[in-house]
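Visitor: Here you go, one structure.
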Amino acid sequence: WAGTDVTYNDYGNREGEKPEAMAPVRAVIIGAGSRGDLYARFSMDHSDRFQIVGVADPRLFRCRRLQQQYNIPEENVFSDWQDAADREKFADCVVIATPHQLHKAPAVAFADRGYHILLEKPMATTEEDCKAIVSACKRNNIILSVGHVLRYYPPIRKIKELIDSGAIGDIVHIQHMEPVGFWHFAHSYVRGNWRKTAESSFSLLAKSCHDVDLIRYWLSGSRCIKVSSFGSLLHFTPENKPAGAASRCLDCQVENTCPYSAKKIYLKMVEQAQQDLRSKGFTGWPVSVVCPQTVDIESVTEALKTGPYGRCVYDCDNDVVSNQVVNFQFDGGQTASFSMVAFTQEICERQTRISGTKGELRCSGAGPVYVFDFLMQKTTEHRCAAAPSNSMRDMHGGADFFLMDTFVKAIQSGDSSAVYTGPDDTLQSHLLVFAAEQARLQDRVITIGPDGSYS
């Protein structure tokens, strides 16, 4: 992680280091959707360190896909995670990637059975459920790693390293933005699984709990004492539906004038993939969400005729906010501001600017990180380490690989400190997210207590 031109070998170690020979970590995938499948891929490149020995998902085709890929025994394929938890323990850990609202029950059950846990973010959708998960893991001495993958992202690690080195002096203010991307927001938060608070969670928790966590991470040693927030759902409402628009894009006479057209977003990707065999990524996310079994022109077209992803963005049942700002006051006088915006060209390429007493740091997306020194009146470029070539590298700039790598190392060594996103720190980040959302809903400044409670 540390510097310019750092390279890693196939084991995630710096070049020249040799991995220690240890028994592979055996894992059960609980929830075999996009995220569960991605985490499982660590085994493709590192089967000597990590092996998939079980899977649970109510969708049988998801189970069968992983069963075939990782040679999972038939007795370890479950349609209900509870059946796996009821069995005598047969693995070292579970990867829980169920829908957000279904995190608590399996996390507590498997912790009580002695399984270490990698839990997809957010930890849970209520404060009570988050606390219950942390309590279960601590009382059972379980290693818990929550999927705040950005803490493992090389540019984020580089920013933290530069802050800790004193490169910009003491932090005064953090300005951080997540540009969700116009079509990404339409896909996930207007048509998709995270469009309704009651069925999933609110936007700040579903999409940007990463970012609130990063602000706490960069300002570690300081405590947030006050938070305010403002936000709303704009544009993706029935009032903004164009005249003559249909309820589905495939039936719409004005579709060609709409940037959120499902035909443009999904069918165009598949067409490009078929024209250029090298464009395999176009048949992955997001079209793999539209058609989880087979991705081709015919199946995508049929899904857009009948499924949720073919709906007009002005005719959906979405209610999560499309833009939000959160303001933080820390106990040392430092301030921070975070903005989440749906309407951007960039897709999740975070923009960060940190003002310090001796300099200013800025970073866009994958970097480099730039530091301007006030005394020398000079800007220095800091390049970031890249993930080794692996099956997970295309997602989150390799951060998923590093998360899995540290989780496996923590289990093999029995050292939970190897995990950057453990129970206590992650709980405090989640409590701050809940407080920020209450500040938005109640239109007031909320005071944060030392234990993360708020009033």
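Chain labels A, B, ... are given in the sequence in which chains occur in the structure tokens; within each chain residues are numbered consecutively from 1, and ligands are likewise numbered from 1 in the order shown.
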Excluding A:Ile159 and any residue of its chain fewer than 2 positions from it, enumerate the residues within 8 Å of it, using only C-alpha atoms, and give them as a PyMOL selection string.

Guide: chain A and resi 155-157+161-163+218+361+369

Visitor: Do you know which residues are at most 10 Å from A:Pro308 counting only C-alpha atoms, after dropping those on the same chain fewer than 6 positions away, and could you put them as a PyMOL selection string?

Guide: chain A and resi 187+190-193+248+290+316

Visitor: Which one is closest to A:Ser135: A:Ala84, A:Leu427, A:Cys224, A:Met376? Count only C-alpha atoms.

Guide: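 Nearest to A:Ser135: A:Leu427.
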
Visitor: Find the residues near A:Asn256: any atom within 12 Å, counting only C-alpha atoms, skip ones fewer than 6 places away on the same chain, and give them as number ranges by chain.

Guide: A: 242, 245, 249-250, 262-265

Visitor: Show me, as a list of chain:residue names, the residues that have an atom within 10 Å of A:Gly359 when counting only C-alpha atoms, minus same-chain residues fewer than 5 positions from it.

Guide: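 In the requested format, the answer is A:Gly166, A:Ala167, A:Ile168, A:Gly169, A:Asp170, A:Ile171, A:Ile354, A:Val371, A:Phe372, A:Asp373, A:Phe374, A:Leu375, A:Met376, A:Gln377, A:Lys378, A:Thr379.
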
Visitor: Please dump the current selection as a compact mmCIF listing (two decimals), in the first residue's frame; keep all heavy atoms.

Guide:
```
# COMPACT_ATOMS: atom_id res chain seq x y z
N GLY A 166 1.84 13.48 8.33
CA GLY A 166 1.93 14.91 8.58
C GLY A 166 2.13 15.74 7.33
O GLY A 166 2.47 16.93 7.41
N ALA A 167 1.90 15.15 6.17
CA ALA A 167 2.17 15.83 4.90
C ALA A 167 1.37 17.12 4.73
O ALA A 167 1.84 18.07 4.08
CB ALA A 167 1.89 14.90 3.73
N ILE A 168 0.19 17.19 5.33
CA ILE A 168 -0.61 18.41 5.22
C ILE A 168 -0.85 19.05 6.60
O ILE A 168 -1.70 19.92 6.75
CB ILE A 168 -1.96 18.16 4.52
CG1 ILE A 168 -2.81 17.14 5.29
CG2 ILE A 168 -1.75 17.71 3.08
CD1 ILE A 168 -4.25 17.03 4.75
N GLY A 169 -0.09 18.62 7.60
CA GLY A 169 -0.27 19.15 8.95
C GLY A 169 -1.53 18.57 9.59
O GLY A 169 -1.89 17.42 9.34
N ASP A 170 -2.18 19.37 10.39
CA ASP A 170 -3.42 18.94 11.04
C ASP A 170 -4.60 19.20 10.12
O ASP A 170 -4.70 20.25 9.48
CB ASP A 170 -3.64 19.70 12.35
CG ASP A 170 -2.53 19.43 13.37
OD1 ASP A 170 -2.01 18.30 13.38
OD2 ASP A 170 -2.21 20.36 14.13
N ILE A 171 -5.50 18.23 10.05
CA ILE A 171 -6.69 18.40 9.21
C ILE A 171 -7.58 19.51 9.75
O ILE A 171 -7.84 19.59 10.95
CB ILE A 171 -7.49 17.09 9.13
CG1 ILE A 171 -6.71 16.01 8.37
CG2 ILE A 171 -8.85 17.32 8.45
CD1 ILE A 171 -7.42 14.68 8.30
N ILE A 354 -8.83 17.64 1.00
CA ILE A 354 -8.62 17.76 2.44
C ILE A 354 -7.67 18.93 2.70
O ILE A 354 -6.55 18.96 2.19
CB ILE A 354 -8.04 16.46 3.04
CG1 ILE A 354 -8.98 15.28 2.72
CG2 ILE A 354 -7.86 16.60 4.55
CD1 ILE A 354 -8.49 13.94 3.22
N VAL A 371 -0.54 16.45 -3.32
CA VAL A 371 -0.37 17.23 -2.10
C VAL A 371 0.33 18.54 -2.44
O VAL A 371 1.43 18.53 -3.03
CB VAL A 371 0.44 16.46 -1.04
CG1 VAL A 371 0.76 17.37 0.15
CG2 VAL A 371 -0.33 15.22 -0.57
N PHE A 372 -0.31 19.65 -2.09
CA PHE A 372 0.31 20.97 -2.27
C PHE A 372 0.87 21.42 -0.93
O PHE A 372 0.14 21.51 0.07
CB PHE A 372 -0.70 21.99 -2.78
CG PHE A 372 -0.13 23.37 -2.93
CD1 PHE A 372 0.72 23.67 -4.00
CD2 PHE A 372 -0.40 24.37 -2.00
CE1 PHE A 372 1.26 24.94 -4.14
CE2 PHE A 372 0.14 25.63 -2.13
CZ PHE A 372 0.98 25.93 -3.20
N ASP A 373 2.18 21.67 -0.88
CA ASP A 373 2.87 22.09 0.35
C ASP A 373 2.87 23.62 0.42
O ASP A 373 3.39 24.29 -0.46
CB ASP A 373 4.30 21.55 0.34
CG ASP A 373 5.03 21.83 1.63
OD1 ASP A 373 5.39 23.01 1.87
OD2 ASP A 373 5.25 20.88 2.40
N PHE A 374 2.29 24.18 1.51
CA PHE A 374 2.19 25.63 1.64
C PHE A 374 3.56 26.29 1.74
O PHE A 374 3.79 27.36 1.17
CB PHE A 374 1.37 26.00 2.87
CG PHE A 374 -0.09 25.61 2.80
CD1 PHE A 374 -0.85 25.53 3.96
CD2 PHE A 374 -0.70 25.32 1.60
CE1 PHE A 374 -2.19 25.18 3.92
CE2 PHE A 374 -2.05 24.96 1.53
CZ PHE A 374 -2.79 24.90 2.70
N LEU A 375 4.49 25.67 2.46
CA LEU A 375 5.81 26.27 2.65
C LEU A 375 6.62 26.26 1.36
O LEU A 375 7.18 27.29 0.96
CB LEU A 375 6.57 25.51 3.75
CG LEU A 375 7.99 25.99 4.03
CD1 LEU A 375 7.98 27.45 4.53
CD2 LEU A 375 8.68 25.07 5.04
N MET A 376 6.66 25.11 0.70
CA MET A 376 7.47 24.97 -0.50
C MET A 376 6.76 25.50 -1.75
O MET A 376 7.39 25.66 -2.79
CB MET A 376 7.85 23.51 -0.72
CG MET A 376 8.59 22.87 0.46
SD MET A 376 10.10 23.77 0.86
CE MET A 376 11.07 23.46 -0.61
N GLN A 377 5.44 25.74 -1.64
CA GLN A 377 4.65 26.18 -2.79
C GLN A 377 4.81 25.21 -3.96
O GLN A 377 5.04 25.59 -5.10
CB GLN A 377 5.07 27.59 -3.22
CG GLN A 377 4.84 28.66 -2.17
CD GLN A 377 3.40 29.10 -2.11
OE1 GLN A 377 2.90 29.74 -3.03
NE2 GLN A 377 2.72 28.75 -1.05
N LYS A 378 4.71 23.92 -3.62
CA LYS A 378 4.98 22.88 -4.60
C LYS A 378 3.96 21.75 -4.47
O LYS A 378 3.56 21.39 -3.36
CB LYS A 378 6.39 22.33 -4.37
CG LYS A 378 6.80 21.20 -5.32
CD LYS A 378 8.21 20.70 -4.97
CE LYS A 378 8.61 19.53 -5.85
NZ LYS A 378 9.95 19.00 -5.50
N THR A 379 3.56 21.20 -5.61
CA THR A 379 2.64 20.07 -5.63
C THR A 379 3.40 18.79 -5.90
O THR A 379 4.20 18.72 -6.85
CB THR A 379 1.54 20.26 -6.70
OG1 THR A 379 0.77 21.41 -6.39
CG2 THR A 379 0.63 19.04 -6.75
```

Visitor: Fewer than 4 positions away in the same chain doesn't count, so skip those; otherwise give me all residues within 9 Å of stretch 415-426 of chain A, counting only C-alpha atoms, as a PyMOL selection string.

Guide: chain A and resi 123+133-135+137-138+142-149+151-152+213+217+403+406-407+409-411+430-431

Visitor: Please, could you write that set of residues out with C-alpha atoms as a compact mmCIF listing (two decimals), in the first residue's frame?

Guide:
```txt
# COMPACT_ATOMS: atom_id res chain seq x y z
CA MET A 123 -23.99 -4.10 8.50
CA ILE A 133 -24.49 -8.39 15.30
CA VAL A 134 -21.54 -6.74 17.06
CA SER A 135 -22.60 -8.20 20.40
CA CYS A 137 -19.46 -11.53 17.33
CA LYS A 138 -17.76 -10.18 20.44
CA ILE A 142 -15.63 -14.02 16.09
CA ILE A 143 -13.55 -12.17 13.50
CA LEU A 144 -15.99 -9.83 11.76
CA SER A 145 -15.07 -7.97 8.59
CA VAL A 146 -17.71 -5.64 7.15
CA GLY A 147 -17.63 -4.90 3.42
CA HIS A 148 -16.55 -1.27 3.62
CA VAL A 149 -14.28 -2.05 0.70
CA ARG A 151 -10.92 1.30 3.31
CA TYR A 152 -8.95 -1.26 1.30
CA ASP A 213 -16.89 5.73 7.27
CA TYR A 217 -11.23 6.96 9.15
CA LEU A 403 -10.60 -6.99 1.68
CA THR A 406 -6.89 -9.42 4.82
CA PHE A 407 -9.95 -11.39 5.97
CA LYS A 409 -5.04 -13.66 6.66
CA ALA A 410 -6.87 -12.66 9.84
CA ILE A 411 -8.55 -16.07 10.11
CA HIS A 430 -23.13 3.14 11.01
CA LEU A 431 -24.46 5.01 14.05
```

Visitor: Measuring between only C-alpha atoms, which one of A:Ala206, A:Ala342, A:Gly310, A:Val227 shows the shortest distance to A:Asp251?

Guide: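 Checking each candidate against A:Asp251, we get A:Gly310 as the closest.
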
Visitor: Could you check the closest approach to A:Tyr189 for each of A:Arg223, A:Tyr309, A:Leu267, A:Val95 and tell me which residue wins, using only C-alpha atoms?

Guide: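 Of all the options, A:Tyr309 lies closest to A:Tyr189.
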